[in-house]
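Pasted below: data.txt, compact mmCIF, C-alpha atoms and all ligand atoms.
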```
# COMPACT_ATOMS: atom_id res chain seq x y z
CA MET A 1 147.62 6.05 116.40
CA ILE A 2 145.90 8.86 118.27
CA ALA A 3 142.42 10.20 117.67
CA LEU A 4 141.87 13.80 118.69
CA VAL A 5 138.23 14.47 119.54
CA ARG A 6 136.35 17.32 121.20
CA GLY A 7 133.28 17.27 123.39
CA VAL A 8 129.77 18.40 122.45
CA PRO A 9 129.17 21.94 123.79
CA SER A 10 125.98 22.86 125.63
CA THR A 11 125.37 25.33 122.75
CA PHE A 12 125.36 22.51 120.15
CA ALA A 13 121.70 23.12 119.27
CA ARG A 14 122.90 26.41 117.73
CA ALA A 15 125.39 24.71 115.39
CA LEU A 16 125.37 25.70 111.72
CA VAL A 17 122.81 23.80 109.68
CA ALA A 18 122.05 23.79 105.98
CA ARG A 19 118.37 23.21 106.84
CA PRO A 20 116.83 23.30 110.31
CA PRO A 21 116.09 19.73 111.45
CA ALA A 22 112.43 18.65 111.67
CA VAL A 23 113.01 17.67 115.31
CA PRO A 24 115.34 20.07 117.19
CA ILE A 25 118.77 18.86 118.30
CA ASP A 26 118.83 17.07 121.66
CA VAL A 27 122.21 17.90 123.20
CA ALA A 28 122.13 15.06 125.72
CA ARG A 29 121.46 12.54 122.96
CA ALA A 30 124.24 14.05 120.83
CA ARG A 31 126.60 13.62 123.80
CA ALA A 32 125.62 9.99 124.27
CA GLN A 33 126.20 9.30 120.57
CA HIS A 34 129.54 11.09 120.70
CA ALA A 35 130.58 8.92 123.65
CA ALA A 36 129.68 5.81 121.63
CA TYR A 37 131.77 7.11 118.74
CA VAL A 38 134.76 7.64 121.03
CA ALA A 39 134.28 4.13 122.45
CA ALA A 40 134.29 2.78 118.88
CA LEU A 41 137.61 4.53 118.18
CA ARG A 42 139.01 2.97 121.36
CA SER A 43 137.75 -0.46 120.31
CA LEU A 44 139.81 -0.08 117.12
CA GLY A 45 142.90 0.39 119.30
CA LEU A 46 143.28 4.16 119.06
CA ALA A 47 144.47 6.25 121.98
CA ILE A 48 142.08 9.15 122.58
CA VAL A 49 142.99 12.76 123.28
CA GLU A 50 139.75 14.55 124.17
CA LEU A 51 139.65 18.34 124.17
CA PRO A 52 136.97 19.92 126.32
CA ALA A 53 134.05 21.48 124.45
CA ASP A 54 133.96 25.26 124.23
CA ASP A 55 130.45 26.71 124.51
CA ALA A 56 131.58 29.77 122.51
CA PHE A 57 131.80 27.48 119.47
CA PRO A 58 128.62 25.46 118.87
CA ASP A 59 130.31 23.46 116.05
CA CYS A 60 133.52 22.61 117.92
CA VAL A 61 132.70 18.88 118.12
CA PHE A 62 133.38 18.73 114.36
CA VAL A 63 137.08 18.85 115.03
CA GLU A 64 138.12 17.40 111.64
CA ASP A 65 137.56 20.76 109.99
CA THR A 66 140.23 22.47 112.08
CA ALA A 67 143.37 20.60 110.96
CA VAL A 68 144.75 18.32 108.25
CA VAL A 69 147.36 15.92 109.60
CA ALA A 70 149.70 13.68 107.61
CA ARG A 71 153.32 12.51 107.69
CA GLY A 72 154.30 14.31 110.86
CA ALA A 73 152.76 17.67 109.90
CA ALA A 74 149.51 19.42 110.76
CA LEU A 75 148.04 22.28 108.79
CA VAL A 76 145.76 24.12 111.17
CA THR A 77 142.99 25.51 108.99
CA ARG A 78 141.19 28.79 108.65
CA PRO A 79 137.64 27.39 108.54
CA GLY A 80 135.34 28.69 105.84
CA ALA A 81 132.59 29.58 108.31
CA VAL A 82 133.49 32.75 110.23
CA SER A 83 131.76 31.49 113.39
CA ARG A 84 134.17 28.51 113.47
CA ARG A 85 137.50 30.34 113.13
CA GLY A 86 138.15 30.48 116.87
CA GLU A 87 137.93 26.70 117.19
CA VAL A 88 141.43 26.21 115.85
CA ASP A 89 143.64 27.51 118.67
CA ALA A 90 142.85 24.76 121.17
CA VAL A 91 143.40 22.17 118.44
CA ALA A 92 146.72 23.72 117.41
CA ALA A 93 147.86 23.63 121.04
CA ALA A 94 146.91 19.96 121.34
CA LEU A 95 148.79 19.07 118.16
CA ALA A 96 151.94 21.01 119.04
CA GLY A 97 154.57 18.66 120.37
CA ARG A 98 153.05 15.69 118.53
CA VAL A 99 153.56 16.97 114.97
CA GLU A 100 154.99 20.03 113.21
CA VAL A 101 152.25 22.64 113.13
CA ALA A 102 151.70 25.07 110.21
CA ARG A 103 148.98 27.74 109.96
CA MET A 104 147.12 29.43 107.12
CA GLU A 105 146.36 33.10 106.67
CA ALA A 106 143.59 35.12 104.99
CA PRO A 107 142.34 35.01 102.29
CA ALA A 108 142.88 31.23 102.41
CA THR A 109 140.04 29.13 103.84
CA LEU A 110 139.88 25.39 104.19
CA ASP A 111 137.78 22.85 106.10
CA GLY A 112 139.35 19.47 106.87
CA GLY A 113 136.09 17.87 105.73
CA ASP A 114 137.09 18.84 102.20
CA CYS A 115 140.37 16.91 102.36
CA LEU A 116 140.81 13.21 101.77
CA ARG A 117 144.10 11.35 101.70
CA ILE A 118 144.63 8.22 99.66
CA GLY A 119 148.20 6.91 99.58
CA ASP A 120 150.49 9.65 98.30
CA ALA A 121 147.68 12.01 97.31
CA ILE A 122 145.52 14.48 99.19
CA TYR A 123 142.33 15.34 97.32
CA VAL A 124 140.82 18.69 98.22
CA GLY A 125 137.28 19.71 97.35
CA LEU A 126 136.74 23.32 96.38
CA SER A 127 133.56 24.33 98.16
CA ALA A 128 131.80 27.20 99.88
CA ARG A 129 134.23 26.49 102.78
CA THR A 130 137.49 25.77 100.94
CA ASN A 131 138.99 28.12 98.37
CA ALA A 132 141.87 27.91 95.90
CA ALA A 133 144.22 29.76 98.28
CA GLY A 134 143.44 27.15 100.96
CA ALA A 135 144.23 24.35 98.52
CA ALA A 136 147.47 26.11 97.55
CA ARG A 137 148.52 26.35 101.20
CA LEU A 138 147.80 22.64 101.60
CA ALA A 139 150.16 21.91 98.68
CA GLU A 140 152.80 24.20 100.19
CA VAL A 141 152.76 22.30 103.49
CA PHE A 142 152.39 18.72 102.24
CA GLY A 143 154.22 18.89 98.88
CA PRO A 144 157.62 18.73 100.61
CA ARG A 145 156.30 15.63 102.41
CA ARG A 146 155.80 13.90 99.05
CA LEU A 147 152.03 14.22 99.08
CA ARG A 148 150.48 15.44 95.81
CA VAL A 149 147.53 17.75 96.26
CA ARG A 150 144.77 17.40 93.65
CA THR A 151 141.66 19.53 93.56
CA VAL A 152 138.22 18.02 93.05
CA GLN A 153 134.99 19.89 92.38
CA ARG A 154 132.69 19.12 95.31
CA PRO A 155 129.35 17.71 94.11
CA PRO A 156 126.43 20.16 94.26
CA GLY A 157 124.41 19.94 97.45
CA ALA A 158 127.24 18.41 99.51
CA LEU A 159 128.67 20.51 102.35
CA HIS A 160 132.15 19.00 102.03
CA LEU A 161 133.95 16.64 99.67
CA LYS A 162 133.90 13.96 102.37
CA SER A 163 130.13 14.31 102.73
CA VAL A 164 130.05 11.90 99.77
CA CYS A 165 133.26 9.87 100.08
CA SER A 166 136.01 8.74 102.44
CA PRO A 167 139.24 6.74 102.29
CA LEU A 168 139.11 2.99 102.90
CA GLY A 169 142.81 2.38 103.29
CA ASP A 170 145.76 3.46 101.18
CA ASP A 171 144.42 2.64 97.72
CA CYS A 172 140.67 2.47 98.06
CA VAL A 173 137.85 4.99 98.47
CA LEU A 174 134.18 4.71 99.42
CA VAL A 175 131.98 6.91 97.20
CA ALA A 176 128.21 7.50 97.29
CA ALA A 177 126.75 6.35 93.97
CA GLY A 178 126.07 9.11 91.47
CA THR A 179 128.06 11.84 93.24
CA LEU A 180 131.59 11.77 91.77
CA PRO A 181 133.02 10.24 88.60
CA ALA A 182 135.27 7.17 89.10
CA SER A 183 138.03 9.25 87.47
CA ALA A 184 138.00 11.64 90.46
CA PHE A 185 140.52 9.42 92.26
CA PRO A 186 143.06 8.19 89.69
CA GLY A 187 144.64 4.87 90.61
CA ALA A 188 142.34 4.21 93.58
CA ARG A 189 139.84 1.38 93.78
CA VAL A 190 136.35 2.85 94.15
CA VAL A 191 133.78 1.04 96.32
CA GLU A 192 130.38 2.47 95.49
CA VAL A 193 127.86 2.91 98.30
CA PRO A 194 124.24 2.49 97.13
CA ALA A 195 122.29 5.76 96.90
CA ASP A 196 119.85 4.75 99.63
CA GLU A 197 122.80 4.42 102.06
CA ALA A 198 124.63 7.53 100.78
CA ARG A 199 125.33 8.82 104.30
CA ALA A 200 127.48 5.70 104.90
CA ALA A 201 129.98 6.83 102.24
CA ASN A 202 131.56 8.77 105.09
CA ALA A 203 133.28 6.14 107.25
CA VAL A 204 136.34 6.26 109.52
CA ALA A 205 138.78 3.57 108.40
CA CYS A 206 141.85 2.95 110.54
CA ALA A 207 143.84 0.21 112.22
CA GLY A 208 142.23 -2.59 110.19
CA GLY A 209 138.71 -1.54 111.08
CA ALA A 210 136.09 1.00 110.11
CA ILE A 211 133.39 2.93 111.91
CA VAL A 212 130.37 2.87 109.61
CA ALA A 213 127.00 4.60 109.98
CA ALA A 214 124.56 2.30 111.78
CA GLY A 215 121.61 0.96 109.78
CA CYS A 216 123.48 0.63 106.47
CA PRO A 217 123.79 -3.15 105.94
CA GLU A 218 124.87 -3.02 102.29
CA THR A 219 127.75 -0.65 103.05
CA ARG A 220 128.69 -2.76 106.03
CA ALA A 221 128.96 -5.81 103.76
CA LEU A 222 131.04 -3.85 101.21
CA VAL A 223 133.46 -2.62 103.86
CA GLU A 224 133.78 -6.11 105.35
CA ALA A 225 134.43 -7.48 101.86
CA ALA A 226 137.28 -4.95 101.64
CA GLY A 227 138.79 -6.73 104.66
CA LEU A 228 137.91 -4.32 107.45
CA ARG A 229 136.22 -5.07 110.75
CA VAL A 230 133.11 -2.89 110.93
CA VAL A 231 131.96 -1.08 114.06
CA PRO A 232 128.53 0.50 113.41
CA VAL A 233 127.80 3.76 115.22
CA ASP A 234 124.66 5.90 115.23
CA THR A 235 125.44 9.63 115.10
CA SER A 236 122.02 10.75 113.84
CA GLU A 237 121.77 13.57 116.39
CA LEU A 238 125.14 14.99 115.30
CA ALA A 239 124.07 14.56 111.66
CA LYS A 240 121.26 17.07 112.29
CA ALA A 241 124.04 19.69 112.23
CA ASP A 242 125.43 18.21 109.00
CA GLY A 243 128.21 16.26 110.70
CA ALA A 244 129.24 12.81 109.52
CA LEU A 245 131.61 10.29 111.12
CA THR A 246 134.99 11.61 109.95
CA CYS A 247 134.08 15.13 111.16
CA LEU A 248 134.32 13.98 114.77
CA SER A 249 138.02 13.14 114.92
CA ILE A 250 141.51 13.95 113.68
CA LEU A 251 143.70 10.88 113.32
CA VAL A 252 147.39 11.32 114.10
CA ASP A 253 149.90 8.56 113.41
C1 LIG B 301 129.30 23.15 109.79
O1 LIG B 301 128.39 23.55 109.05
O2 LIG B 301 130.45 23.58 109.73
C2 LIG B 301 128.96 22.09 110.82
N1 LIG B 301 127.63 22.28 111.27
C3 LIG B 301 129.13 20.72 110.24
C4 LIG B 301 130.55 20.39 109.92
C5 LIG B 301 130.73 19.00 109.47
N2 LIG B 301 132.10 18.71 109.28
C6 LIG B 301 132.57 17.86 108.39
O3 LIG B 301 131.82 17.35 107.58
N3 LIG B 301 133.89 17.67 108.33
```
The structure in this file should be written as C-alpha cells.
Ligand code: CIR
Amino acid sequence: MIALVRGVPSTFARALVARPPAVPIDVARARAQHAAYVAALRSLGLAIVELPADDAFPDCVFVEDTAVVARGAALVTRPGAVSRRGEVDAVAAALAGRVEVARMEAPATLDGGDCLRIGDAIYVGLSARTNAAGAARLAEVFGPRRLRVRTVQRPPGALHLKSVCSPLGDDCVLVAAGTLPASAFPGARVVEVPADEARAANAVACAGGAIVAAGCPETRALVEAAGLRVVPVDTSELAKADGALTCLSILVD
C-alpha cells in the first residue's frame, strides 16, 4: 500500500481556520510533526510518495481532501473551499499511472475529509464543503466498482464527516460519542470514543495498525482491543488549521 502525502508549505500559517488559534501556527513545528506522521506511516509498512509543498496553497498538506481512492479508481475532487481548488492538479498527476483517474466539474464540490469507506460502502457527509452534486459524482465513479454511496448529515460544528469518525477496518468505525447515531453506519460495528478524547475519533487504520492522536489513552486501548497496533502521533500544530490525522494522506492499495 502507498501513502501519498504532501509537505507543509512555508505559507501554512495562512491556512484556513474555523477560529484563529490562541497561539499562532509555528510552521517549523508543523513540519516536524508532519515528518513524525510520515515516519509512522512507514513504520506500518506503507511506501511513501511525497509531493512537494506548494506555497501558493497554504492548505496543501491536507492532501486527503483532493482525491477519493478505492478499488483502482481515484476521483480527484473539486474542493469546497475556493482557495484550495488549485491543489488538485499535482495530486491528479501523482495518481495517474497508479489508478484510473476521474475528475469532477462545477457545480459539484467535495472534500475527501467528508468521505469514509467501510467495506462495500462509501459514506459521504453533506457539509459546507461537499454538496449533493459532489456526492452524485462519487456514486457515478464508484457505483460501477460495486461501492454503494450513502449520504450522511455531517454533525453541526464539525468541518468534515471524518472530523468525528474514521474507519477501523472493513466492518468497524470509530465515532466520537454524541456526534452521530449508531444507525449512521448500517452493519458496521461502532467503537465509541469518549467525548473528552473526541479528536482521537479520527485515526488512520491500515496494514494491521493505526495512527492515533497522542495523549488519548482510552482510545488507544479501544483500538488495541480491536486488534490493531497503535502508533501515537502528535499533530497538534497541524490541528490548529483544523486538520486531523486522515487529512494528511491518501492511501492507495
Ligand atoms: C481546511 O479548512 O480546508 C483546512 N484548513 C483543513 C482541512 C482538513 N482536512 C480534513 O479534515 N480532511
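Proximity ranking of A:Arg84, A:Arg98, A:Arg29, A:Arg117 relative to ligand LIG 301 (chain B) places A:Arg84 first, based on all atoms listed in the file.
With only C-alpha atoms as the atoms that count, the residue of A:Ala36, A:Pro155, A:Ser249, A:Ala13 with the shortest distance to Gly112 in chain A is A:Ser249.
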Report task. Please check which protein, DNA or RNA residues sit within 8 Å of ligand LIG 301 (chain B), counting all atoms listed in the file, and write them as an MDAnalysis selection string. Result -> chainID A and resid 15:18 59 62:65 81 84 111:114 159:160 162:163 241:248
Include C-alpha atoms and write out the residues we just selected as a short mmCIF file (atom, residue, chain, number, x, y, z; two decimals), keeping the file's coordinate frame.
```cif
data_model
loop_
_atom_site.label_atom_id
_atom_site.label_comp_id
_atom_site.auth_asym_id
_atom_site.auth_seq_id
_atom_site.Cartn_x
_atom_site.Cartn_y
_atom_site.Cartn_z
CA ALA A 15 125.39 24.71 115.39
CA LEU A 16 125.37 25.70 111.72
CA VAL A 17 122.81 23.80 109.68
CA ALA A 18 122.05 23.79 105.98
CA ASP A 59 130.31 23.46 116.05
CA PHE A 62 133.38 18.73 114.36
CA VAL A 63 137.08 18.85 115.03
CA GLU A 64 138.12 17.40 111.64
CA ASP A 65 137.56 20.76 109.99
CA ALA A 81 132.59 29.58 108.31
CA ARG A 84 134.17 28.51 113.47
CA ASP A 111 137.78 22.85 106.10
CA GLY A 112 139.35 19.47 106.87
CA GLY A 113 136.09 17.87 105.73
CA ASP A 114 137.09 18.84 102.20
CA LEU A 159 128.67 20.51 102.35
CA HIS A 160 132.15 19.00 102.03
CA LYS A 162 133.90 13.96 102.37
CA SER A 163 130.13 14.31 102.73
CA ALA A 241 124.04 19.69 112.23
CA ASP A 242 125.43 18.21 109.00
CA GLY A 243 128.21 16.26 110.70
CA ALA A 244 129.24 12.81 109.52
CA LEU A 245 131.61 10.29 111.12
CA THR A 246 134.99 11.61 109.95
CA CYS A 247 134.08 15.13 111.16
CA LEU A 248 134.32 13.98 114.77
#
```
Near-Ala195 in chain A list (9 Å; only C-alpha atoms; drop same-chain fewer than 4 positions) as an mmCIF file with C-alpha atoms, keeping the file's coordinate frame:
```
data_model
loop_
_atom_site.group_PDB
_atom_site.id
_atom_site.type_symbol
_atom_site.label_atom_id
_atom_site.label_comp_id
_atom_site.auth_asym_id
_atom_site.auth_seq_id
_atom_site.Cartn_x
_atom_site.Cartn_y
_atom_site.Cartn_z
ATOM 1 C CA ALA A 176 128.210 7.500 97.290
ATOM 2 C CA ALA A 177 126.750 6.350 93.970
ATOM 3 C CA GLY A 178 126.070 9.110 91.470
ATOM 4 C CA ARG A 199 125.330 8.820 104.300
#
```
Query raised in the report: Could you state the separation of CA of Asp170 in chain A and CA of Ala90 in chain A in Å, given to one decimal place?
Result: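 Computing the Euclidean distance for CA of Asp170 in chain A and CA of Ala90 in chain A yields 29.4 Å.
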Query raised in the report: List as a PyMOL selection string: which residues have an atom within 12 Å of (152.4, 24.1, 107.8), counting all atoms listed in the file?
Result: chain A and resi 67-77+92+96+99-105+134+136-145
**Report entry** Residue neighbourhood range 202-208 of chain A, 9 Å, all atoms listed in the file, exclusion window fewer than 5 positions, as a PyMOL selection string
**Finding:** chain A and resi 1+41+44-46+162-169+174-176+213+227-230+244-246+249+251
Query raised in the report: Which residues come within 7 Å of Ile122 in chain A, counting all atoms listed in the file, excluding same-chain residues fewer than 6 positions away, as a list of chain:residue names?
Result: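 My list of contacting residues is A:Cys115, A:Leu116, A:Leu147, A:Arg148, A:Val149, A:Arg150.
The list of residues within 12 Å of (121.2, 2.7, 109.5), counted using all atoms listed in the file, is Asp196, Glu197, Ala198, Arg199, Ala200, Val212, Ala213, Ala214, Gly215, Cys216, Pro217, Glu218, Thr219, Arg220, Pro232, Val233, Asp234, Thr235 and Ser236 of chain A.
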Residues from last step as file, C-alpha atoms, as an mmCIF file, in the frame of the given file:
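Saved to again-v5.cif:
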```cif
data_model
loop_
_atom_site.group_PDB
_atom_site.id
_atom_site.type_symbol
_atom_site.label_atom_id
_atom_site.label_comp_id
_atom_site.auth_asym_id
_atom_site.auth_seq_id
_atom_site.Cartn_x
_atom_site.Cartn_y
_atom_site.Cartn_z
ATOM 1 C CA ASP A 196 119.850 4.750 99.630
ATOM 2 C CA GLU A 197 122.800 4.420 102.060
ATOM 3 C CA ALA A 198 124.630 7.530 100.780
ATOM 4 C CA ARG A 199 125.330 8.820 104.300
ATOM 5 C CA ALA A 200 127.480 5.700 104.900
ATOM 6 C CA VAL A 212 130.370 2.870 109.610
ATOM 7 C CA ALA A 213 127.000 4.600 109.980
ATOM 8 C CA ALA A 214 124.560 2.300 111.780
ATOM 9 C CA GLY A 215 121.610 0.960 109.780
ATOM 10 C CA CYS A 216 123.480 0.630 106.470
ATOM 11 C CA PRO A 217 123.790 -3.150 105.940
ATOM 12 C CA GLU A 218 124.870 -3.020 102.290
ATOM 13 C CA THR A 219 127.750 -0.650 103.050
ATOM 14 C CA ARG A 220 128.690 -2.760 106.030
ATOM 15 C CA PRO A 232 128.530 0.500 113.410
ATOM 16 C CA VAL A 233 127.800 3.760 115.220
ATOM 17 C CA ASP A 234 124.660 5.900 115.230
ATOM 18 C CA THR A 235 125.440 9.630 115.100
ATOM 19 C CA SER A 236 122.020 10.750 113.840
#
```
Query raised in the report: Hey, which of A:Cys172, A:Val8, A:Asn131, A:Leu126 ends up closest to Ala158 in chain A? Count all atoms listed in the file.
Result: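 Among A:Cys172, A:Val8, A:Asn131, A:Leu126, it is A:Leu126 that comes nearest to Ala158 in chain A.
When CA of Ala30 in chain A is paired with CA of Pro58 in chain A, their separation reads 12.4 Å.
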Query raised in the report: Given the choices A:Val193, A:Leu238, A:Ala128, A:Ala40, which gets closest to Pro79 in chain A if the distance is worked out from all atoms listed in the file?
Result: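 Of A:Val193, A:Leu238, A:Ala128, A:Ala40, the one nearest Pro79 in chain A, counting all atoms listed in the file, is A:Ala128.
Checking A:Val173, A:Arg78, A:Leu95, A:Ala188 one by one against Val223 in chain A, counting only C-alpha atoms, you find the shortest gap at A:Val173.
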Report summary line: One residue among A:Ser43, A:Gln153, A:Ser83, A:Gln33 is nearest to Thr179 in chain A when using all atoms listed in the file, and that residue is A:Gln153
Requested in this report: Could you check how far CA of Leu161 in chain A sits from CA of Tyr123 in chain A, in Å to one decimal?
Outcome: 8.8 Å
Query raised in the report: If we count all atoms listed in the file, what is near Val5 in chain A at a cut-off of 8 Å, once residues fewer than 2 positions away on the same chain are taken out, given as a PyMOL selection string?
Result: chain A and resi 3+7+38+48-51+61+63+248-250
Regenerate range 128-143 of chain A at the level of N, CA, C and O atoms and dump it as a short mmCIF file (atom, residue, chain, number, x, y, z; two decimals), keeping the file's coordinate frame.
```cif
data_model
loop_
_atom_site.label_atom_id
_atom_site.label_comp_id
_atom_site.auth_asym_id
_atom_site.auth_seq_id
_atom_site.Cartn_x
_atom_site.Cartn_y
_atom_site.Cartn_z
N ALA A 128 132.10 25.91 99.26
CA ALA A 128 131.80 27.20 99.88
C ALA A 128 132.74 27.43 101.07
O ALA A 128 132.92 28.56 101.52
N ARG A 129 133.36 26.37 101.60
CA ARG A 129 134.23 26.49 102.78
C ARG A 129 135.72 26.52 102.42
O ARG A 129 136.53 27.01 103.21
N THR A 130 136.07 25.94 101.29
CA THR A 130 137.49 25.77 100.94
C THR A 130 137.75 26.47 99.62
O THR A 130 137.09 26.17 98.62
N ASN A 131 138.72 27.40 99.62
CA ASN A 131 138.99 28.12 98.37
C ASN A 131 140.35 27.72 97.78
O ASN A 131 141.11 26.93 98.38
N ALA A 132 140.65 28.29 96.61
CA ALA A 132 141.87 27.91 95.90
C ALA A 132 143.11 28.27 96.72
O ALA A 132 144.11 27.53 96.72
N ALA A 133 143.06 29.38 97.46
CA ALA A 133 144.22 29.76 98.28
C ALA A 133 144.42 28.74 99.41
O ALA A 133 145.55 28.43 99.78
N GLY A 134 143.33 28.20 99.93
CA GLY A 134 143.44 27.15 100.96
C GLY A 134 144.08 25.90 100.38
O GLY A 134 144.95 25.28 101.01
N ALA A 135 143.66 25.53 99.18
CA ALA A 135 144.23 24.35 98.52
C ALA A 135 145.72 24.57 98.23
O ALA A 135 146.54 23.66 98.39
N ALA A 136 146.06 25.82 97.84
CA ALA A 136 147.47 26.11 97.55
C ALA A 136 148.32 26.00 98.81
O ALA A 136 149.45 25.49 98.79
N ARG A 137 147.78 26.44 99.93
CA ARG A 137 148.52 26.35 101.20
C ARG A 137 148.72 24.87 101.60
O ARG A 137 149.77 24.49 102.12
N LEU A 138 147.70 24.08 101.32
CA LEU A 138 147.80 22.64 101.60
C LEU A 138 148.98 22.04 100.81
O LEU A 138 149.78 21.26 101.34
N ALA A 139 149.08 22.43 99.53
CA ALA A 139 150.16 21.91 98.68
C ALA A 139 151.52 22.40 99.19
O ALA A 139 152.51 21.65 99.18
N GLU A 140 151.54 23.64 99.68
CA GLU A 140 152.80 24.20 100.19
C GLU A 140 153.31 23.41 101.40
O GLU A 140 154.49 23.17 101.55
N VAL A 141 152.37 23.00 102.26
CA VAL A 141 152.76 22.30 103.49
C VAL A 141 153.07 20.82 103.22
O VAL A 141 154.04 20.28 103.74
N PHE A 142 152.23 20.18 102.38
CA PHE A 142 152.39 18.72 102.24
C PHE A 142 153.20 18.30 101.01
O PHE A 142 153.68 17.17 100.96
N GLY A 143 153.39 19.22 100.04
CA GLY A 143 154.22 18.89 98.88
C GLY A 143 155.61 18.42 99.29
O GLY A 143 156.06 17.35 98.86
#
```
